[in-house]
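Asker: Encoded as structure tokens, here's the structure I'll be asking about.
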Amino acid sequence: MGSNDNFHLGVASAIGSAFSFAMSGPFAKPLMDAGWTPIAAVTARLVGGALVMALFATIVHRGWLGEAIRHLKTVAVYGLIPIAGAQLCFFNAVAHLPVGVALLLQSLAPVLVIGWIWGTTRRRPATLTLVGTALALAGTAAVLDVCCGPRIDTNGVAWALATAVCVACYFVLSDRVATDGSALNSVTLAAGGLIAASAVVVLLDLTGIQPVAFSTHDAVVAGHSSSFLLPVMVLGVVSAALAYVLGISSVARLRPSYAALLALAEVPFGVLCAWMLLGRAVTAAQAVGGVVALVGLTLAGRGQRPEVPTAMWTDAVPADGLADEPPVRAA
């Protein structure tokens with residue numbers, strides 16, 4: 001596969017992942033309205049995703065279990081921080097903050113990823129990348145419609161920033177996956193990570209640190225009453241299994257910072273899904289913000305397309321004078 005085709009496949013995977021993640025809120029909300037606690041919805045999502053991914057991995061990559069055991073440390077860390085950690089931190093954040101503010105703070109993850117790469121490679125990102133990042137975050141703020149001056153809870157801010165760190169770790173750790181299969185396979189990482197995250201969340205359920213309540217009452221989705229199994233299946237299959245395997249594949253084909261920027265598309269997708277499934281109207285400010293965010297993503301992408309590595313990083317000599325230091329790996 002040519003580099004251009006590889007790039008476009010990576011972009012498609014990243015957009016698909018963002019859309020899949022965006023489905024979680026609109027399908028978790030009906031469960032909570034039916035009597036589920038947030039931690040219960042997280043448990044259903046992770047356990048369902050783990051079962052689906054284990055079955056899928058057994059079919060398409062039979063040696064995944066042995067590979068996961070060989071890379072046990074990476075898989076365990078991936079399940080603990082980027083998967084379980086991100087979701088648990090986010091649900092604690094929304095317990096103290098409006099959802100929009102929590103999502104906005106979580107959206108700082110791409111900035112953390114770009115900063116990490118900048119610090120570890122000593123190469124400043126191209127100006128176009130920095131401008132595009134700023135526009136994408138500004139557009140995201142408008143989409144979230146958080147300019148109403150809500151009272152900020154410091155505990156909630158801390159949880160939301162912790163979520164951003166966990167999401168940034170998701171992209172950095174996913175970069176360990178190679179597209180040629182010589183490293184940890186994306187299917188193995190997704191399956192193993194979801195299993196590890198499920199184990200962590202189930203243990204938390206058993207400890208009773210947070211209240212856990214499930215319900216078999218019908219859930220209302222898109223104005224129609226349906227079995228609770230419908231949102232549970234969507235959360236497990238789409239918002240967990242599909243979302244993570246597409247996301248890991250996208251990072252393997254793109255730079256982690258660019259994949260993280262594309263993940264900001266989850267916010268306008270989330271607003272769209274909430275409008276269609278929960279009846280929440282899209283304001284004019286949110287529509288304009290979505291356009292601004294897309295423009296920012298496009299500009300940032302032009303500054304760091306993987307098939308043209310020199311476009312991502314400036315030609316300035318690093319602070320330590322090592323002008324011949326190689327750029328970040330390009331897929």
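Going by the structure tokens order, chains are called A, B, ..., each with residues numbered from 1, while ligands are numbered from 1 in the order shown.
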Write down as a ChimeraX atom specification the residues of region 80-307 of chain A whose backbone DSSP state falls under helix (DSSP H, G or I).
Answerer: /A:80-94,99-106,109-121,127-144,154-174,186-207,229-253,256-278,284-302
Asker: Using DSSP assignments from the backbone, pull out every residue in region 60-260 of chain A that falls under strand (DSSP E or B) and give it to me as an NGL selection string.
Answerer: :A and (125 or 219-221 or 224-226)
Asker: Separation of CA of Ala54 (chain A) and CA of Thr188 (chain A), in Å?
Answerer: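 CA of Ala54 (chain A) sits 8.7 Å away from CA of Thr188 (chain A).
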Asker: List as an mmCIF file with C-alpha atoms, in the first residue's frame the protein and nucleic acid residues near region 237-250 of chain A, meaning an atom at most 7 Å away when only C-alpha atoms are counted, but skip any in the same chain fewer than 2 places from it.
Answerer:
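The resulting file, part.cif, is shown below:
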data_model
loop_
_atom_site.group_PDB
_atom_site.id
_atom_site.type_symbol
_atom_site.label_atom_id
_atom_site.label_comp_id
_atom_site.auth_asym_id
_atom_site.auth_seq_id
_atom_site.Cartn_x
_atom_site.Cartn_y
_atom_site.Cartn_z
ATOM 1 C CA GLY A 10 -5.500 6.250 8.696
ATOM 2 C CA VAL A 11 -7.699 9.340 8.400
ATOM 3 C CA SER A 13 -9.997 5.016 10.693
ATOM 4 C CA ALA A 14 -9.567 8.077 12.928
ATOM 5 C CA GLY A 16 -14.640 6.297 12.222
ATOM 6 C CA SER A 17 -13.193 5.963 15.705
ATOM 7 C CA SER A 20 -17.924 5.491 17.347
ATOM 8 C CA PHE A 21 -16.750 7.139 20.562
ATOM 9 C CA MET A 23 -22.124 7.286 20.214
ATOM 10 C CA SER A 24 -21.339 6.485 23.851
ATOM 11 C CA ARG A 45 -19.509 -0.877 27.841
ATOM 12 C CA LEU A 46 -16.101 -2.294 28.723
ATOM 13 C CA GLY A 48 -19.296 -5.978 26.285
ATOM 14 C CA GLY A 49 -16.453 -4.532 24.239
ATOM 15 C CA ALA A 50 -13.981 -7.007 25.726
ATOM 16 C CA VAL A 52 -16.710 -8.755 21.265
ATOM 17 C CA MET A 53 -13.024 -8.004 20.748
ATOM 18 C CA SER A 174 -1.179 3.323 20.548
ATOM 19 C CA SER A 186 -3.842 -3.344 16.834
ATOM 20 C CA VAL A 187 -6.425 -6.113 17.333
ATOM 21 C CA ALA A 190 -7.619 -3.450 21.637
ATOM 22 C CA MET A 233 -24.974 -3.683 22.668
ATOM 23 C CA VAL A 234 -24.210 -0.361 20.953
ATOM 24 C CA LEU A 235 -21.938 0.677 23.819
ATOM 25 C CA ALA A 252 -0.375 3.224 13.610
ATOM 26 C CA ARG A 253 -0.791 4.944 10.231
ATOM 27 C CA LEU A 254 -0.600 8.584 11.345
ATOM 28 C CA ALA A 259 -4.553 11.256 15.156
#
Asker: Could you name the residues that touch region 84-92 of chain A at 6 Å or less, counting only C-alpha atoms, but leaving out those on the same chain fewer than 6 positions away, as a list of chain:residue names?
Answerer: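 Surrounding residues, per the criterion: A:Trp159, A:Ala160, A:Thr163, A:Cys166, A:Ala197.
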Asker: Measuring between only C-alpha atoms, which one of A:Ile117, A:Thr207, A:Ala222, A:His96 shows the shortest distance to Cys273 (chain A)?
Answerer: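 Answer, going by the shortest atom-to-atom distance: A:Ala222.
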Asker: Determine, using only C-alpha atoms, which residues of region 8-116 of chain A have any atom at most 8 Å from an atom of region 267-271 of chain A, and tabulate each with its shortest atom pair and distance in Å to one decimal place, rows ordered by chain and then rising number, as JSON lines.
Answerer:
{"residue": "A:Ala18", "atom": "CA", "partner": "A:Phe269", "partner_atom": "CA", "distance": 7.5}
{"residue": "A:Phe19", "atom": "CA", "partner": "A:Phe269", "partner_atom": "CA", "distance": 5.8}
{"residue": "A:Ala22", "atom": "CA", "partner": "A:Gly270", "partner_atom": "CA", "distance": 4.5}
{"residue": "A:Met23", "atom": "CA", "partner": "A:Gly270", "partner_atom": "CA", "distance": 6.6}
{"residue": "A:Gly25", "atom": "CA", "partner": "A:Gly270", "partner_atom": "CA", "distance": 7.4}
{"residue": "A:Pro26", "atom": "CA", "partner": "A:Gly270", "partner_atom": "CA", "distance": 7.7}
{"residue": "A:Leu103", "atom": "CA", "partner": "A:Val267", "partner_atom": "CA", "distance": 7.8}
Asker: So, counting only C-alpha atoms, which residue among A:Ala57, A:Val295, A:Leu105, A:Ala40 is closest to Asp205 (chain A)?
Answerer: A:Ala40
Asker: Hey, which of A:Val200, A:Leu189, A:Leu55, A:Met32 ends up closest to Leu80 (chain A)? Count only C-alpha atoms.
Answerer: A:Val200
